[in-house]
$ cat start-v7.cif   # mmCIF, C-alpha atoms
data_upload
loop_
_atom_site.label_atom_id
_atom_site.label_comp_id
_atom_site.auth_asym_id
_atom_site.auth_seq_id
_atom_site.Cartn_x
_atom_site.Cartn_y
_atom_site.Cartn_z
CA MET A 1 -160.26 -76.22 155.28
CA LEU A 2 -161.00 -79.76 154.06
CA ARG A 3 -164.26 -79.84 156.02
CA ASP A 4 -165.34 -76.59 154.34
CA LEU A 5 -164.64 -78.10 150.92
CA VAL A 6 -166.59 -81.23 151.84
CA LEU A 7 -169.54 -79.20 153.15
CA ASN A 8 -169.61 -77.03 150.01
CA ASN A 9 -169.20 -79.96 147.62
CA ARG A 10 -172.81 -80.89 146.89
CA SER A 11 -174.40 -82.57 143.89
CA TYR A 12 -175.43 -79.52 141.89
CA ARG A 13 -177.94 -79.93 139.08
CA THR A 14 -178.52 -76.30 138.06
CA PHE A 15 -175.70 -74.16 136.67
CA ASP A 16 -174.95 -70.58 135.61
CA GLU A 17 -174.01 -70.98 131.96
CA SER A 18 -172.59 -67.43 131.82
CA ASP A 19 -169.58 -68.49 133.94
CA PRO A 20 -168.13 -71.51 132.14
CA VAL A 21 -165.49 -73.94 133.30
CA THR A 22 -162.40 -73.44 131.13
CA ARG A 23 -160.18 -76.07 129.59
CA GLU A 24 -157.33 -74.85 131.80
CA MET A 25 -159.45 -75.51 134.89
CA LEU A 26 -160.31 -78.99 133.67
CA LEU A 27 -156.66 -79.77 133.00
CA GLU A 28 -155.69 -78.64 136.51
CA TRP A 29 -158.49 -80.66 138.12
CA VAL A 30 -157.71 -83.81 136.11
CA ASP A 31 -154.04 -83.37 136.96
CA ASN A 32 -155.05 -83.44 140.64
CA ALA A 33 -157.00 -86.66 139.99
CA ARG A 34 -153.99 -88.14 138.19
CA LEU A 35 -151.96 -87.91 141.39
CA VAL A 36 -154.31 -89.82 143.72
CA PRO A 37 -153.81 -93.45 144.78
CA SER A 38 -154.73 -96.23 142.38
CA ALA A 39 -155.26 -99.93 143.16
CA VAL A 40 -151.93 -101.72 142.66
CA ASN A 41 -150.90 -98.40 141.08
CA ALA A 42 -152.29 -99.66 137.76
CA GLN A 43 -153.70 -96.22 136.82
CA PRO A 44 -156.32 -97.55 134.38
CA LEU A 45 -158.32 -94.31 134.21
CA LYS A 46 -158.34 -92.02 131.20
CA TYR A 47 -160.30 -88.79 130.91
CA ARG A 48 -162.23 -87.27 128.02
CA LEU A 49 -162.72 -83.54 128.56
CA VAL A 50 -165.86 -81.89 127.22
CA ASP A 51 -165.34 -78.15 127.43
CA THR A 52 -167.45 -76.67 124.66
CA ARG A 53 -171.17 -75.83 124.57
CA GLU A 54 -171.50 -78.08 121.52
CA GLY A 55 -169.85 -80.99 123.33
CA VAL A 56 -171.97 -80.54 126.45
CA GLU A 57 -175.15 -80.51 124.38
CA LYS A 58 -174.07 -83.73 122.63
CA VAL A 59 -173.74 -85.46 126.02
CA MET A 60 -176.86 -84.07 127.77
CA PRO A 61 -179.52 -86.19 125.96
CA HIS A 62 -177.76 -89.34 127.11
CA THR A 63 -177.83 -88.49 130.82
CA ALA A 64 -180.40 -88.96 133.58
CA TRP A 65 -180.35 -86.60 136.56
CA ALA A 66 -181.88 -86.68 140.05
CA GLY A 67 -183.69 -90.00 139.83
CA ALA A 68 -185.38 -89.40 143.19
CA LEU A 69 -187.14 -86.29 141.88
CA LYS A 70 -189.79 -87.67 139.56
CA ASP A 71 -191.73 -84.45 138.86
CA ILE A 72 -188.87 -82.19 137.80
CA THR A 73 -186.47 -82.05 134.87
CA LEU A 74 -182.92 -81.27 135.86
CA PRO A 75 -180.94 -79.44 134.86
CA PRO A 76 -183.50 -76.99 133.51
CA GLU A 77 -183.07 -75.60 130.01
CA GLY A 78 -180.54 -72.75 130.04
CA LYS A 79 -178.97 -74.06 133.27
CA HIS A 80 -176.83 -76.92 131.94
CA PRO A 81 -173.32 -77.69 133.12
CA THR A 82 -170.60 -75.99 131.10
CA ALA A 83 -168.27 -79.00 131.06
CA PHE A 84 -168.09 -82.74 131.55
CA VAL A 85 -165.25 -85.02 132.43
CA VAL A 86 -165.89 -88.53 131.16
CA ILE A 87 -163.94 -90.92 133.38
CA CYS A 88 -163.04 -93.97 131.32
CA HIS A 89 -161.47 -97.32 132.10
CA ASP A 90 -158.60 -98.28 129.77
CA THR A 91 -159.10 -101.98 128.99
CA THR A 92 -155.51 -102.25 127.74
CA VAL A 93 -154.29 -101.53 131.28
CA ARG A 94 -156.77 -103.80 133.08
CA GLU A 95 -159.36 -105.77 131.17
CA ASN A 96 -162.32 -105.54 133.56
CA PRO A 97 -163.78 -102.03 134.06
CA ALA A 98 -165.22 -103.13 137.43
CA SER A 99 -161.65 -103.44 138.73
CA SER A 100 -161.30 -99.65 138.74
CA ALA A 101 -164.46 -98.84 140.72
CA THR A 102 -162.55 -97.56 143.76
CA ASP A 103 -160.17 -95.55 141.57
CA VAL A 104 -163.15 -93.96 139.82
CA GLY A 105 -164.68 -92.82 143.12
CA ILE A 106 -161.41 -91.35 144.33
CA ALA A 107 -160.83 -89.56 141.01
CA ALA A 108 -164.38 -88.18 140.83
CA MET A 109 -164.25 -86.83 144.38
CA THR A 110 -160.88 -85.24 143.66
CA LEU A 111 -162.33 -83.54 140.56
CA LEU A 112 -165.31 -82.25 142.55
CA LEU A 113 -163.22 -81.01 145.49
CA SER A 114 -160.92 -79.26 143.02
CA ALA A 115 -163.92 -77.59 141.40
CA THR A 116 -165.33 -76.61 144.79
CA GLU A 117 -162.03 -75.04 145.81
CA ALA A 118 -162.17 -72.91 142.63
CA GLY A 119 -165.75 -71.75 143.33
CA TYR A 120 -167.40 -74.22 140.94
CA GLY A 121 -169.27 -77.45 141.51
CA GLY A 122 -170.65 -80.49 139.85
CA CYS A 123 -172.48 -83.75 139.95
CA MET A 124 -171.38 -87.36 139.49
CA ILE A 125 -173.63 -89.07 136.97
CA GLY A 126 -173.69 -92.82 136.80
CA ALA A 127 -177.05 -92.90 134.99
CA PHE A 128 -176.00 -92.32 131.41
CA ASN A 129 -175.93 -94.24 128.15
CA ARG A 130 -172.28 -95.29 127.98
CA ASP A 131 -172.44 -96.47 124.38
CA ARG A 132 -174.07 -93.28 123.08
CA VAL A 133 -171.71 -91.00 125.04
CA GLY A 134 -168.77 -92.96 123.66
CA GLU A 135 -170.16 -92.61 120.14
CA VAL A 136 -171.00 -88.89 120.19
CA LEU A 137 -167.61 -88.06 121.73
CA ARG A 138 -165.74 -90.51 119.46
CA ILE A 139 -164.10 -92.26 122.39
CA PRO A 140 -162.06 -95.25 121.16
CA GLU A 141 -163.56 -98.62 122.16
CA LYS A 142 -160.63 -99.56 124.41
CA TYR A 143 -161.79 -96.79 126.78
CA VAL A 144 -165.02 -97.68 128.58
CA PRO A 145 -166.92 -94.66 129.96
CA VAL A 146 -167.71 -95.49 133.59
CA LEU A 147 -168.72 -92.15 135.13
CA LEU A 148 -169.59 -88.63 134.03
CA VAL A 149 -168.72 -85.63 136.16
CA ALA A 150 -170.81 -82.61 135.18
CA LEU A 151 -169.16 -79.31 136.10
CA GLY A 152 -170.10 -75.65 136.18
CA LYS A 153 -170.85 -72.66 138.36
CA PRO A 154 -173.66 -73.74 140.71
CA ASP A 155 -176.90 -71.77 140.37
CA GLU A 156 -178.89 -73.35 143.17
CA LEU A 157 -178.75 -73.75 146.91
CA VAL A 158 -178.33 -77.19 148.44
CA PHE A 159 -178.86 -77.66 152.16
CA LEU A 160 -177.77 -80.51 154.39
CA THR A 161 -180.39 -81.51 156.91
CA GLU A 162 -181.09 -84.26 159.39
CA PRO A 163 -183.43 -86.99 158.20
CA LYS A 164 -186.99 -86.72 159.49
CA ASP A 165 -186.91 -90.52 159.59
CA LYS A 166 -183.46 -92.11 159.88
CA ASN A 167 -184.51 -94.77 157.37
CA ASN A 168 -185.37 -92.17 154.71
CA VAL A 169 -182.41 -90.18 153.40
CA ILE A 170 -183.80 -89.42 149.94
CA TYR A 171 -183.03 -85.88 148.81
CA TYR A 172 -185.96 -83.60 148.01
CA ARG A 173 -186.99 -80.10 146.93
CA ASP A 174 -189.39 -77.88 148.81
CA ASP A 175 -192.12 -75.60 147.41
CA HIS A 176 -189.46 -72.91 146.75
CA ASN A 177 -187.33 -75.34 144.71
CA LEU A 178 -184.66 -75.44 147.42
CA HIS A 179 -182.77 -78.72 147.47
CA PHE A 180 -182.37 -80.63 150.75
CA VAL A 181 -180.06 -83.57 151.37
CA PRO A 182 -180.69 -85.53 154.58
CA LYS A 183 -177.49 -86.87 156.14
CA ARG A 184 -177.43 -89.55 158.80
CA LYS A 185 -175.99 -88.55 162.20
CA LEU A 186 -172.49 -89.67 163.12
CA ASP A 187 -173.86 -92.00 165.81
CA ASP A 188 -176.09 -93.66 163.20
CA ILE A 189 -173.17 -94.68 160.97
CA LEU A 190 -170.78 -96.00 163.63
CA ILE A 191 -170.80 -99.72 164.36
CA ASP A 192 -170.44 -100.55 168.07
#
$ encode --input "start-v7.cif" --output "structure tokens"
Amino acid sequence: MLRDLVLNNRSYRTFDESDPVTREMLLEWVDNARLVPSAVNAQPLKYRLVDTREGVEKVMPHTAWAGALKDITLPPEGKHPTAFVVICHDTTVRENPASSATDVGIAAMTLLLSATEAGYGGCMIGAFNRDRVGEVLRIPEKYVPVLLVALGKPDELVFLTEPKDKNNVIYYRDDHNLHFVPKRKLDDILID
């Protein structure tokens, strides 16, 4: 069951806007993230939910998607995510946002696996203008946005494949706009 969730949890960048993520879904998924381990159990993460079309469209201009695909704009117009979760570091809990990097990864993966289990998907976005997102969403300054998780109903196929060259694992799209993600073999990631 977990392996199926992991295999189906891809970085989706094209969404079906007619099947939105609801606030109730977001609350359930963030509640799952709330329960995961945290370094020294400090729990410095706070979450800003963006669950309206207006909110999503405020965030979109301040994001950069699929940096390895230079000749394509993602997500395409009319195929945007229907929600975002802005994972923020609370500087009143721990001063340095870098101290929560591991917590952020665990929380983001928990959000995405929760979405996958519900038939949705998403994409972690580290390439965004933190200041502008904080401004447009009126996030208080004590909360530093550290990662966006875009969420929605996937409207694309993403295939795992073996790398043609084990030193090149950059994702790509073919002539039919199908997305391929090369994954190293198990033997290539184990240290003898």
$ residues_around --input "start-v7.cif" --residues "range 5-12 of chain A" --least-positions-apart "5" --cutoff "8 Å" --atoms "only C-alpha atoms" --output "PyMOL selection string"
chain A and resi 112-113+116-117+121-124+154+156+158
$ resolve_selection --input "start-v7.cif" --expression "the PyMOL selection byres ((chain A and resi 84) around 12)" --output "tab-separated table (two decimals) with C-alpha atoms, in the frame of the given file"
chain	number	residue	atom	x	y	z
A	20	PRO	CA	-168.13	-71.51	132.14
A	21	VAL	CA	-165.49	-73.94	133.30
A	22	THR	CA	-162.40	-73.44	131.13
A	23	ARG	CA	-160.18	-76.07	129.59
A	25	MET	CA	-159.45	-75.51	134.89
A	26	LEU	CA	-160.31	-78.99	133.67
A	27	LEU	CA	-156.66	-79.77	133.00
A	29	TRP	CA	-158.49	-80.66	138.12
A	30	VAL	CA	-157.71	-83.81	136.11
A	47	TYR	CA	-160.30	-88.79	130.91
A	48	ARG	CA	-162.23	-87.27	128.02
A	49	LEU	CA	-162.72	-83.54	128.56
A	50	VAL	CA	-165.86	-81.89	127.22
A	51	ASP	CA	-165.34	-78.15	127.43
A	52	THR	CA	-167.45	-76.67	124.66
A	53	ARG	CA	-171.17	-75.83	124.57
A	54	GLU	CA	-171.50	-78.08	121.52
A	55	GLY	CA	-169.85	-80.99	123.33
A	56	VAL	CA	-171.97	-80.54	126.45
A	57	GLU	CA	-175.15	-80.51	124.38
A	58	LYS	CA	-174.07	-83.73	122.63
A	59	VAL	CA	-173.74	-85.46	126.02
A	60	MET	CA	-176.86	-84.07	127.77
A	63	THR	CA	-177.83	-88.49	130.82
A	80	HIS	CA	-176.83	-76.92	131.94
A	81	PRO	CA	-173.32	-77.69	133.12
A	82	THR	CA	-170.60	-75.99	131.10
A	83	ALA	CA	-168.27	-79.00	131.06
A	85	VAL	CA	-165.25	-85.02	132.43
A	86	VAL	CA	-165.89	-88.53	131.16
A	87	ILE	CA	-163.94	-90.92	133.38
A	108	ALA	CA	-164.38	-88.18	140.83
A	111	LEU	CA	-162.33	-83.54	140.56
A	112	LEU	CA	-165.31	-82.25	142.55
A	115	ALA	CA	-163.92	-77.59	141.40
A	121	GLY	CA	-169.27	-77.45	141.51
A	122	GLY	CA	-170.65	-80.49	139.85
A	123	CYS	CA	-172.48	-83.75	139.95
A	124	MET	CA	-171.38	-87.36	139.49
A	125	ILE	CA	-173.63	-89.07	136.97
A	133	VAL	CA	-171.71	-91.00	125.04
A	137	LEU	CA	-167.61	-88.06	121.73
A	147	LEU	CA	-168.72	-92.15	135.13
A	148	LEU	CA	-169.59	-88.63	134.03
A	149	VAL	CA	-168.72	-85.63	136.16
A	150	ALA	CA	-170.81	-82.61	135.18
A	151	LEU	CA	-169.16	-79.31	136.10
A	152	GLY	CA	-170.10	-75.65	136.18
$ atom_distance --input "start-v7.cif" --atom1 "CA of Leu190 in chain A" --atom2 "CA of Ala101 in chain A"
23.9 Å
$ atom_distance --input "start-v7.cif" --atom1 "CA of Arg3 in chain A" --atom2 "CA of Ala33 in chain A"
18.9 Å
$ resolve_selection --input "start-v7.cif" --expression "the PyMOL selection byres ((chain A and resi 74) around 8)" --output "MDAnalysis selection string"
chainID A and resid 13:14 65:66 72:73 75:76
$ closest_residue --input "start-v7.cif" --among "A:Val136, A:Pro145, A:Lys185, A:Pro61" --to "Leu160 in chain A" --atoms "only C-alpha atoms"
A:Lys185
$ residues_around --input "start-v7.cif" --residues "range 169-177 of chain A" --least-positions-apart "3" --cutoff "10 Å" --atoms "only C-alpha atoms" --output "VMD selection string"
chain A and resid 66 to 69 72 156 to 166 180 to 184
$ atom_distance --input "start-v7.cif" --atom1 "CA of Leu186 in chain A" --atom2 "CA of Tyr120 in chain A"
27.5 Å
$ closest_residue --input "start-v7.cif" --among "A:His62, A:Arg34, A:His179, A:Lys46" --to "Gly126 in chain A" --atoms "all atoms listed in the file"
A:His62
$ closest_residue --input "start-v7.cif" --among "A:Asp90, A:Asp192, A:Asp31, A:Asp16" --to "Thr110 in chain A" --atoms "all atoms listed in the file"
A:Asp31
$ closest_residue --input "start-v7.cif" --among "A:Asp188, A:Ala118, A:Leu45, A:Asp155" --to "Asn96 in chain A" --atoms "all atoms listed in the file"
A:Leu45
$ closest_residue --input "start-v7.cif" --among "A:Arg94, A:Asn167, A:Ile139, A:Asp131" --to "Gln43 in chain A" --atoms "only C-alpha atoms"
A:Arg94
$ decode --input "start-v7.cif" --residues "range 105-132 of chain A" --atoms "N, CA and C atoms" --output "short mmCIF file (atom, residue, chain, number, x, y, z; two decimals), in the first residue's frame"
data_model
loop_
_atom_site.label_atom_id
_atom_site.label_comp_id
_atom_site.auth_asym_id
_atom_site.auth_seq_id
_atom_site.Cartn_x
_atom_site.Cartn_y
_atom_site.Cartn_z
N GLY A 105 10.53 18.94 4.88
CA GLY A 105 10.49 17.82 3.95
C GLY A 105 9.52 16.73 4.39
N ILE A 106 9.55 16.41 5.68
CA ILE A 106 8.64 15.39 6.20
C ILE A 106 7.19 15.85 6.05
N ALA A 107 6.92 17.10 6.40
CA ALA A 107 5.56 17.63 6.31
C ALA A 107 5.06 17.67 4.86
N ALA A 108 5.92 18.12 3.95
CA ALA A 108 5.52 18.22 2.54
C ALA A 108 5.22 16.84 1.98
N MET A 109 6.06 15.86 2.27
CA MET A 109 5.79 14.51 1.77
C MET A 109 4.51 13.95 2.37
N THR A 110 4.26 14.24 3.62
CA THR A 110 3.02 13.77 4.25
C THR A 110 1.81 14.39 3.58
N LEU A 111 1.89 15.69 3.27
CA LEU A 111 0.79 16.35 2.54
C LEU A 111 0.56 15.68 1.18
N LEU A 112 1.65 15.43 0.45
CA LEU A 112 1.52 14.86 -0.89
C LEU A 112 1.03 13.42 -0.85
N LEU A 113 1.49 12.63 0.10
CA LEU A 113 0.99 11.25 0.21
C LEU A 113 -0.48 11.24 0.62
N SER A 114 -0.88 12.18 1.46
CA SER A 114 -2.29 12.30 1.83
C SER A 114 -3.14 12.64 0.61
N ALA A 115 -2.65 13.58 -0.20
CA ALA A 115 -3.36 13.95 -1.42
C ALA A 115 -3.44 12.77 -2.38
N THR A 116 -2.34 12.05 -2.54
CA THR A 116 -2.31 10.90 -3.43
C THR A 116 -3.32 9.84 -2.99
N GLU A 117 -3.38 9.59 -1.71
CA GLU A 117 -4.32 8.61 -1.18
C GLU A 117 -5.77 8.99 -1.51
N ALA A 118 -6.05 10.30 -1.57
CA ALA A 118 -7.39 10.79 -1.87
C ALA A 118 -7.65 10.93 -3.37
N GLY A 119 -6.69 10.56 -4.22
CA GLY A 119 -6.88 10.66 -5.66
C GLY A 119 -6.45 11.99 -6.25
N TYR A 120 -5.72 12.78 -5.47
CA TYR A 120 -5.23 14.08 -5.92
C TYR A 120 -3.71 14.01 -6.00
N GLY A 121 -3.08 15.12 -6.25
CA GLY A 121 -1.63 15.14 -6.35
C GLY A 121 -1.13 16.56 -6.21
N GLY A 122 0.17 16.71 -6.35
CA GLY A 122 0.72 18.04 -6.19
C GLY A 122 2.16 18.14 -6.59
N CYS A 123 2.75 19.24 -6.19
CA CYS A 123 4.13 19.53 -6.53
C CYS A 123 4.72 20.42 -5.46
N MET A 124 5.90 20.04 -4.94
CA MET A 124 6.62 20.91 -4.02
C MET A 124 7.30 22.00 -4.84
N ILE A 125 7.18 23.22 -4.39
CA ILE A 125 7.78 24.34 -5.11
C ILE A 125 8.67 25.13 -4.16
N GLY A 126 9.95 25.02 -4.39
CA GLY A 126 10.91 25.80 -3.62
C GLY A 126 11.29 27.08 -4.33
N ALA A 127 11.02 27.13 -5.64
CA ALA A 127 11.35 28.30 -6.46
C ALA A 127 10.15 29.25 -6.48
N PHE A 128 10.10 30.08 -5.46
CA PHE A 128 9.03 31.09 -5.39
C PHE A 128 9.54 32.31 -4.65
N ASN A 129 8.89 33.43 -4.88
CA ASN A 129 9.27 34.68 -4.23
C ASN A 129 8.61 34.71 -2.85
N ARG A 130 9.39 34.39 -1.83
CA ARG A 130 8.86 34.27 -0.47
C ARG A 130 8.25 35.58 0.03
N ASP A 131 8.92 36.69 -0.25
CA ASP A 131 8.42 37.98 0.22
C ASP A 131 7.07 38.31 -0.42
N ARG A 132 6.99 38.12 -1.73
CA ARG A 132 5.73 38.46 -2.44
C ARG A 132 4.59 37.54 -2.02
#
